[in-house]
Amino acid sequence: MPHLTLEYTDNLPAFDPAAALLAINRAAVDSGIFGESDIKSRALRLDAWRVGIEPAPRAFVHVRIALLGGRPPGVKKTMAEAVLAALTPTVDRPAGLEIQFTVETVDLDRDSYAKATHHG
Amino acid sequence: MPHLTLEYTDNLPAFDPAAALLAINRAAVDSGIFGESDIKSRALRLDAWRVGIEPAPRAFVHVRIALLGGRPPGVKKTMAEAVLAALTPTVDRPAGLEIQFTVETVDLDRDSYAKATHHG
Amino acid sequence: MPHLTLEYTDNLPAFDPAAALLAINRAAVDSGIFGESDIKSRALRLDAWRVGIEPAPRAFVHVRIALLGGRPPGVKKTMAEAVLAALTPTVDRPAGLEIQFTVETVDLDRDSYAKATHHG
(Lines give C-alpha, C1' and ligand atoms only; values in the text may rest on other atoms or scores of the structure.)
Protein backbone atom coordinates (compact mmCIF):
# COMPACT_ATOMS: atom_id res chain seq x y z
CA MET A 1 0.00 0.00 0.00
CA PRO A 2 -0.26 2.14 -1.96
CA HIS A 3 -0.29 0.55 -5.40
CA LEU A 4 0.08 2.93 -8.33
CA THR A 5 -0.58 1.87 -11.92
CA LEU A 6 0.40 4.15 -14.79
CA GLU A 7 -0.87 3.43 -18.29
CA TYR A 8 0.28 5.32 -21.37
CA THR A 9 -0.55 5.09 -25.03
CA ASP A 10 2.27 4.10 -27.36
CA ASN A 11 2.18 7.26 -29.47
CA LEU A 12 4.30 9.27 -27.03
CA PRO A 13 7.75 8.38 -28.37
CA ALA A 14 9.79 10.25 -25.77
CA PHE A 15 7.84 9.03 -22.77
CA ASP A 16 10.19 7.55 -20.19
CA PRO A 17 8.29 5.27 -17.80
CA ALA A 18 11.18 5.12 -15.32
CA ALA A 19 11.27 8.90 -15.00
CA ALA A 20 7.49 9.11 -14.68
CA LEU A 21 7.38 6.41 -12.00
CA LEU A 22 10.09 8.14 -10.00
CA ALA A 23 8.19 11.43 -10.25
CA ILE A 24 4.89 10.00 -9.04
CA ASN A 25 6.58 7.97 -6.31
CA ARG A 26 8.26 11.16 -5.08
CA ALA A 27 4.84 12.80 -4.96
CA ALA A 28 3.57 9.85 -2.93
CA VAL A 29 6.53 10.09 -0.54
CA ASP A 30 6.08 13.84 -0.21
CA SER A 31 2.47 13.34 0.85
CA GLY A 32 3.90 12.11 4.13
CA ILE A 33 1.22 9.47 4.62
CA PHE A 34 3.04 6.39 3.29
CA GLY A 35 6.15 4.48 4.21
CA GLU A 36 8.72 4.99 1.46
CA SER A 37 9.17 1.30 0.74
CA ASP A 38 5.42 0.66 0.72
CA ILE A 39 4.89 2.61 -2.49
CA LYS A 40 4.66 0.08 -5.30
CA SER A 41 4.25 1.41 -8.83
CA ARG A 42 4.22 -0.02 -12.30
CA ALA A 43 3.85 1.38 -15.81
CA LEU A 44 2.03 -0.35 -18.65
CA ARG A 45 2.67 0.66 -22.25
CA LEU A 46 -0.56 0.31 -24.20
CA ASP A 47 -0.11 -0.96 -27.75
CA ALA A 48 -3.83 -1.43 -28.41
CA TRP A 49 -6.05 1.44 -27.39
CA ARG A 50 -8.63 3.86 -28.74
CA VAL A 51 -10.01 7.24 -27.66
CA GLY A 52 -13.61 7.66 -28.80
CA ILE A 53 -14.50 6.66 -32.34
CA GLU A 54 -13.16 9.54 -34.43
CA PRO A 55 -9.78 9.35 -36.19
CA ALA A 56 -8.40 12.42 -34.37
CA PRO A 57 -4.78 12.34 -33.09
CA ARG A 58 -5.18 11.56 -29.41
CA ALA A 59 -3.24 10.05 -26.53
CA PHE A 60 -3.78 9.47 -22.84
CA VAL A 61 -1.86 8.80 -19.67
CA HIS A 62 -3.76 7.45 -16.70
CA VAL A 63 -2.72 6.74 -13.12
CA ARG A 64 -4.67 4.65 -10.67
CA ILE A 65 -3.78 5.12 -7.02
CA ALA A 66 -5.03 2.28 -4.83
CA LEU A 67 -4.73 2.91 -1.12
CA LEU A 68 -6.15 1.28 1.95
CA GLY A 69 -9.64 2.47 2.78
CA GLY A 70 -10.35 5.03 5.45
CA ARG A 71 -8.38 7.99 4.14
CA PRO A 72 -10.36 11.26 4.29
CA PRO A 73 -11.71 12.47 0.92
CA GLY A 74 -9.55 15.57 1.12
CA VAL A 75 -6.41 13.49 1.42
CA LYS A 76 -7.29 11.47 -1.66
CA LYS A 77 -8.07 14.58 -3.68
CA THR A 78 -4.80 16.21 -2.66
CA MET A 79 -2.93 13.03 -3.48
CA ALA A 80 -4.49 12.74 -6.95
CA GLU A 81 -3.71 16.36 -7.74
CA ALA A 82 -0.12 16.00 -6.55
CA VAL A 83 0.39 12.94 -8.73
CA LEU A 84 -1.15 14.71 -11.71
CA ALA A 85 1.14 17.70 -11.16
CA ALA A 86 4.18 15.43 -10.91
CA LEU A 87 3.21 13.38 -13.94
CA THR A 88 2.40 15.95 -16.60
CA PRO A 89 5.89 17.52 -16.91
CA THR A 90 7.35 14.07 -17.63
CA VAL A 91 5.20 13.53 -20.71
CA ASP A 92 6.35 14.69 -24.14
CA ARG A 93 3.89 16.55 -26.32
CA PRO A 94 4.15 15.73 -29.99
CA ALA A 95 2.74 18.49 -32.18
CA GLY A 96 -0.95 18.24 -32.98
CA LEU A 97 -1.72 15.56 -30.41
CA GLU A 98 -4.44 15.97 -27.79
CA ILE A 99 -3.30 14.28 -24.59
CA GLN A 100 -5.61 13.50 -21.69
CA PHE A 101 -4.01 13.07 -18.27
CA THR A 102 -6.22 11.46 -15.64
CA VAL A 103 -5.72 10.24 -12.09
CA GLU A 104 -8.14 8.16 -10.06
CA THR A 105 -7.99 6.96 -6.49
CA VAL A 106 -9.57 3.78 -5.23
CA ASP A 107 -9.93 2.38 -1.73
CA LEU A 108 -8.55 -1.07 -1.08
CA ASP A 109 -10.56 -3.21 1.31
CA ARG A 110 -8.59 -2.88 4.52
CA ASP A 111 -10.05 -5.88 6.36
CA SER A 112 -9.07 -8.45 3.77
CA TYR A 113 -5.75 -6.97 2.62
CA ALA A 114 -3.02 -9.57 3.16
CA LYS A 115 0.70 -8.94 3.11
CA ALA A 116 3.97 -10.70 3.77
CA THR A 117 7.48 -9.39 3.30
CA HIS A 118 10.55 -11.48 2.59
CA HIS A 119 13.77 -9.82 3.72
CA GLY A 120 16.42 -11.29 1.47
CA MET B 1 -14.09 9.02 -17.97
CA PRO B 2 -15.05 6.41 -18.87
CA HIS B 3 -12.05 4.08 -18.92
CA LEU B 4 -12.59 0.71 -20.58
CA THR B 5 -10.15 -2.15 -20.26
CA LEU B 6 -10.49 -5.22 -22.44
CA GLU B 7 -8.49 -8.36 -21.65
CA TYR B 8 -8.38 -11.41 -23.89
CA THR B 9 -6.61 -14.72 -23.69
CA ASP B 10 -4.03 -15.42 -26.37
CA ASN B 11 -5.73 -18.54 -27.76
CA LEU B 12 -8.14 -16.57 -29.96
CA PRO B 13 -5.97 -16.31 -33.07
CA ALA B 14 -8.34 -14.19 -35.13
CA PHE B 15 -9.17 -11.73 -32.38
CA ASP B 16 -8.62 -8.16 -33.59
CA PRO B 17 -8.24 -5.80 -30.64
CA ALA B 18 -8.65 -2.70 -32.81
CA ALA B 19 -12.00 -3.92 -34.13
CA ALA B 20 -13.16 -4.91 -30.66
CA LEU B 21 -12.18 -1.54 -29.15
CA LEU B 22 -14.00 0.32 -31.90
CA ALA B 23 -17.10 -1.80 -31.31
CA ILE B 24 -17.20 -1.21 -27.57
CA ASN B 25 -16.41 2.48 -27.94
CA ARG B 26 -19.30 2.79 -30.37
CA ALA B 27 -21.52 1.17 -27.76
CA ALA B 28 -20.29 3.70 -25.23
CA VAL B 29 -20.96 6.59 -27.62
CA ASP B 30 -24.41 5.22 -28.42
CA SER B 31 -25.30 5.21 -24.73
CA GLY B 32 -25.47 8.98 -25.05
CA ILE B 33 -24.08 9.62 -21.60
CA PHE B 34 -20.43 10.27 -22.44
CA GLY B 35 -18.54 12.79 -24.50
CA GLU B 36 -17.08 11.04 -27.54
CA SER B 37 -13.49 12.02 -26.81
CA ASP B 38 -13.77 11.10 -23.14
CA ILE B 39 -14.02 7.38 -23.90
CA LYS B 40 -10.57 5.91 -23.30
CA SER B 41 -10.14 2.21 -24.01
CA ARG B 42 -7.27 -0.22 -24.07
CA ALA B 43 -6.88 -3.92 -24.86
CA LEU B 44 -4.47 -6.25 -23.08
CA ARG B 45 -3.45 -9.55 -24.65
CA LEU B 46 -2.95 -12.11 -21.90
CA ASP B 47 -0.06 -14.50 -22.53
CA ALA B 48 -0.19 -16.07 -19.04
CA TRP B 49 -3.61 -17.02 -17.79
CA ARG B 50 -5.62 -19.96 -16.48
CA VAL B 51 -9.30 -20.79 -16.18
CA GLY B 52 -9.91 -23.08 -13.19
CA ILE B 53 -7.58 -26.02 -12.66
CA GLU B 54 -8.73 -28.55 -15.24
CA PRO B 55 -6.98 -28.94 -18.61
CA ALA B 56 -10.14 -28.16 -20.62
CA PRO B 57 -9.87 -25.88 -23.70
CA ARG B 58 -11.06 -22.52 -22.42
CA ALA B 59 -10.71 -18.84 -23.16
CA PHE B 60 -12.10 -15.60 -21.82
CA VAL B 61 -12.60 -12.00 -22.81
CA HIS B 62 -13.30 -9.51 -20.07
CA VAL B 63 -14.17 -5.81 -20.15
CA ARG B 64 -14.01 -3.48 -17.20
CA ILE B 65 -15.95 -0.24 -17.53
CA ALA B 66 -14.86 2.39 -15.03
CA LEU B 67 -17.09 5.42 -14.86
CA LEU B 68 -17.49 8.28 -12.45
CA GLY B 69 -19.68 7.42 -9.48
CA GLY B 70 -23.29 8.46 -9.22
CA ARG B 71 -24.73 6.77 -12.30
CA PRO B 72 -28.01 4.97 -11.57
CA PRO B 73 -27.74 1.17 -11.33
CA GLY B 74 -29.98 0.77 -14.34
CA VAL B 75 -27.66 2.86 -16.47
CA LYS B 76 -24.68 0.74 -15.52
CA LYS B 77 -26.53 -2.48 -16.21
CA THR B 78 -27.69 -1.24 -19.61
CA MET B 79 -24.16 -0.08 -20.40
CA ALA B 80 -22.62 -3.44 -19.48
CA GLU B 81 -25.14 -5.33 -21.57
CA ALA B 82 -24.60 -3.03 -24.55
CA VAL B 83 -20.85 -3.52 -24.37
CA LEU B 84 -21.28 -7.28 -24.07
CA ALA B 85 -23.57 -7.28 -27.10
CA ALA B 86 -21.08 -5.20 -29.09
CA LEU B 87 -18.11 -7.30 -28.04
CA THR B 88 -19.19 -10.86 -28.64
CA PRO B 89 -19.61 -10.68 -32.45
CA THR B 90 -16.01 -9.46 -32.75
CA VAL B 91 -14.58 -12.58 -31.12
CA ASP B 92 -13.66 -15.63 -33.19
CA ARG B 93 -14.76 -19.01 -31.93
CA PRO B 94 -12.25 -21.77 -32.55
CA ALA B 95 -13.87 -25.20 -32.57
CA GLY B 96 -14.08 -26.94 -29.22
CA LEU B 97 -13.21 -23.90 -27.16
CA GLU B 98 -15.42 -22.65 -24.32
CA ILE B 99 -15.25 -18.86 -24.22
CA GLN B 100 -16.49 -16.79 -21.31
CA PHE B 101 -17.40 -13.18 -22.03
CA THR B 102 -17.77 -10.96 -18.98
CA VAL B 103 -18.30 -7.25 -18.40
CA GLU B 104 -18.05 -5.45 -15.09
CA THR B 105 -18.70 -1.84 -14.19
CA VAL B 106 -16.96 0.02 -11.42
CA ASP B 107 -17.52 3.47 -9.98
CA LEU B 108 -14.59 5.86 -9.96
CA ASP B 109 -14.37 8.14 -6.95
CA ARG B 110 -15.72 11.39 -8.32
CA ASP B 111 -14.37 13.72 -5.63
CA SER B 112 -10.73 12.81 -6.11
CA TYR B 113 -10.69 12.27 -9.89
CA ALA B 114 -8.14 14.63 -11.43
CA LYS B 115 -7.81 15.49 -15.09
CA ALA B 116 -5.89 17.80 -17.38
CA THR B 117 -6.00 17.97 -21.15
CA HIS B 118 -3.19 19.16 -23.40
CA HIS B 119 -4.41 20.48 -26.74
CA GLY B 120 -1.48 19.98 -29.06
CA MET C 1 -16.34 -14.51 -11.30
CA PRO C 2 -13.89 -14.49 -9.67
CA HIS C 3 -11.23 -12.66 -11.66
CA LEU C 4 -7.70 -12.93 -10.30
CA THR C 5 -4.87 -10.72 -11.52
CA LEU C 6 -1.29 -11.48 -10.54
CA GLU C 7 1.43 -8.92 -11.16
CA TYR C 8 5.13 -9.60 -10.62
CA THR C 9 8.25 -7.54 -11.07
CA ASP C 10 10.72 -8.76 -13.68
CA ASN C 11 13.64 -9.24 -11.29
CA LEU C 12 12.47 -12.67 -10.14
CA PRO C 13 14.20 -14.77 -12.78
CA ALA C 14 12.86 -18.15 -11.68
CA PHE C 15 9.26 -17.03 -11.27
CA ASP C 16 6.94 -19.31 -13.21
CA PRO C 17 3.61 -17.61 -13.85
CA ALA C 18 1.92 -20.84 -14.92
CA ALA C 19 2.83 -22.54 -11.65
CA ALA C 20 1.76 -19.53 -9.62
CA LEU C 21 -1.59 -19.27 -11.41
CA LEU C 22 -2.28 -22.94 -10.87
CA ALA C 23 -1.46 -22.56 -7.16
CA ILE C 24 -3.75 -19.60 -6.62
CA ASN C 25 -6.53 -21.16 -8.68
CA ARG C 26 -6.30 -24.28 -6.52
CA ALA C 27 -6.65 -22.06 -3.47
CA ALA C 28 -9.74 -20.51 -5.03
CA VAL C 29 -11.20 -23.94 -5.83
CA ASP C 30 -10.43 -25.16 -2.32
CA SER C 31 -12.38 -22.26 -0.84
CA GLY C 32 -15.48 -24.11 -2.02
CA ILE C 33 -17.36 -20.94 -2.92
CA PHE C 34 -16.69 -20.82 -6.66
CA GLY C 35 -17.44 -22.99 -9.63
CA GLU C 36 -14.16 -24.44 -10.91
CA SER C 37 -14.55 -23.10 -14.43
CA ASP C 38 -15.57 -19.66 -13.21
CA ILE C 39 -12.11 -18.89 -11.85
CA LYS C 40 -10.37 -16.71 -14.42
CA SER C 41 -6.79 -15.69 -13.68
CA ARG C 42 -4.03 -13.89 -15.52
CA ALA C 43 -0.44 -12.95 -14.74
CA LEU C 44 1.23 -9.74 -15.85
CA ARG C 45 5.02 -9.46 -15.93
CA LEU C 46 5.99 -5.90 -15.05
CA ASP C 47 8.96 -4.58 -16.98
CA ALA C 48 8.61 -0.99 -15.74
CA TRP C 49 8.06 -0.59 -12.02
CA ARG C 50 9.49 1.08 -8.94
CA VAL C 51 9.23 0.53 -5.20
CA GLY C 52 9.61 3.80 -3.33
CA ILE C 53 12.36 6.18 -4.38
CA GLU C 54 15.49 4.60 -2.92
CA PRO C 55 17.81 2.41 -5.00
CA ALA C 56 17.40 -0.61 -2.69
CA PRO C 57 17.01 -4.10 -4.24
CA ARG C 58 13.28 -4.71 -4.08
CA ALA C 59 10.58 -6.73 -5.78
CA PHE C 60 6.88 -7.31 -5.39
CA VAL C 61 4.17 -9.75 -6.31
CA HIS C 62 0.58 -8.62 -6.04
CA VAL C 63 -2.71 -10.43 -6.52
CA ARG C 64 -6.06 -8.77 -6.96
CA ILE C 65 -9.09 -10.97 -6.33
CA ALA C 66 -12.28 -9.52 -7.80
CA LEU C 67 -15.43 -11.30 -6.74
CA LEU C 68 -19.09 -10.49 -6.92
CA GLY C 69 -20.25 -8.28 -4.08
CA GLY C 70 -22.08 -9.60 -1.07
CA ARG C 71 -19.50 -12.03 0.29
CA PRO C 72 -19.06 -11.70 4.07
CA PRO C 73 -15.88 -9.88 5.17
CA GLY C 74 -14.60 -13.03 6.85
CA VAL C 75 -14.85 -14.98 3.60
CA LYS C 76 -12.82 -12.37 1.75
CA LYS C 77 -10.17 -12.25 4.45
CA THR C 78 -9.87 -16.04 4.48
CA MET C 79 -9.69 -16.06 0.69
CA ALA C 80 -6.93 -13.45 0.58
CA GLU C 81 -4.89 -15.28 3.19
CA ALA C 82 -5.29 -18.60 1.38
CA VAL C 83 -4.14 -17.06 -1.90
CA LEU C 84 -1.18 -15.43 -0.16
CA ALA C 85 -0.23 -18.76 1.43
CA ALA C 86 -0.50 -20.54 -1.93
CA LEU C 87 1.45 -17.86 -3.77
CA THR C 88 4.51 -17.29 -1.64
CA PRO C 89 6.06 -20.77 -2.00
CA THR C 90 5.98 -20.40 -5.80
CA VAL C 91 8.19 -17.29 -5.77
CA ASP C 92 11.97 -17.58 -5.94
CA ARG C 93 14.00 -15.47 -3.54
CA PRO C 94 17.21 -14.12 -5.02
CA ALA C 95 19.80 -13.27 -2.35
CA GLY C 96 19.62 -9.74 -0.98
CA LEU C 97 16.23 -8.91 -2.45
CA GLU C 98 13.33 -7.65 -0.34
CA ILE C 99 10.10 -9.04 -1.76
CA GLN C 100 6.65 -7.75 -0.83
CA PHE C 101 3.72 -10.11 -1.35
CA THR C 102 0.30 -8.49 -1.23
CA VAL C 103 -3.24 -9.65 -1.90
CA GLU C 104 -6.31 -7.45 -2.17
CA THR C 105 -9.94 -8.32 -2.65
CA VAL C 106 -12.46 -6.13 -4.41
CA ASP C 107 -16.20 -6.46 -4.81
CA LEU C 108 -17.58 -6.47 -8.34
CA ASP C 109 -20.90 -4.71 -8.80
CA ARG C 110 -23.31 -7.60 -8.90
CA ASP C 111 -26.28 -5.81 -10.45
CA SER C 112 -24.47 -4.72 -13.59
CA TYR C 113 -22.21 -7.75 -14.11
CA ALA C 114 -22.91 -9.20 -17.54
CA LYS C 115 -21.83 -12.61 -18.79
CA ALA C 116 -22.26 -14.89 -21.76
CA THR C 117 -20.64 -18.24 -22.39
CA HIS C 118 -19.94 -19.77 -25.77
CA HIS C 119 -19.75 -23.56 -25.69
CA GLY C 120 -17.54 -24.46 -28.61
# chains A, B, ... in the order shown; residues from 1 in each chain; ligands from 1
>>> interface_residues(of="chain A", to="chain C", cutoff="12 Å", atoms="only C-alpha atoms", output="ChimeraX atom specification")
/A:1-8,16-30,34-45,66-69,106-120
>>> select_by_dssp(residues="chain C", states="strand (DSSP E or B)", output="ChimeraX atom specification")
/C:3-9,40-46,49-51,58-68,98-108,114-118
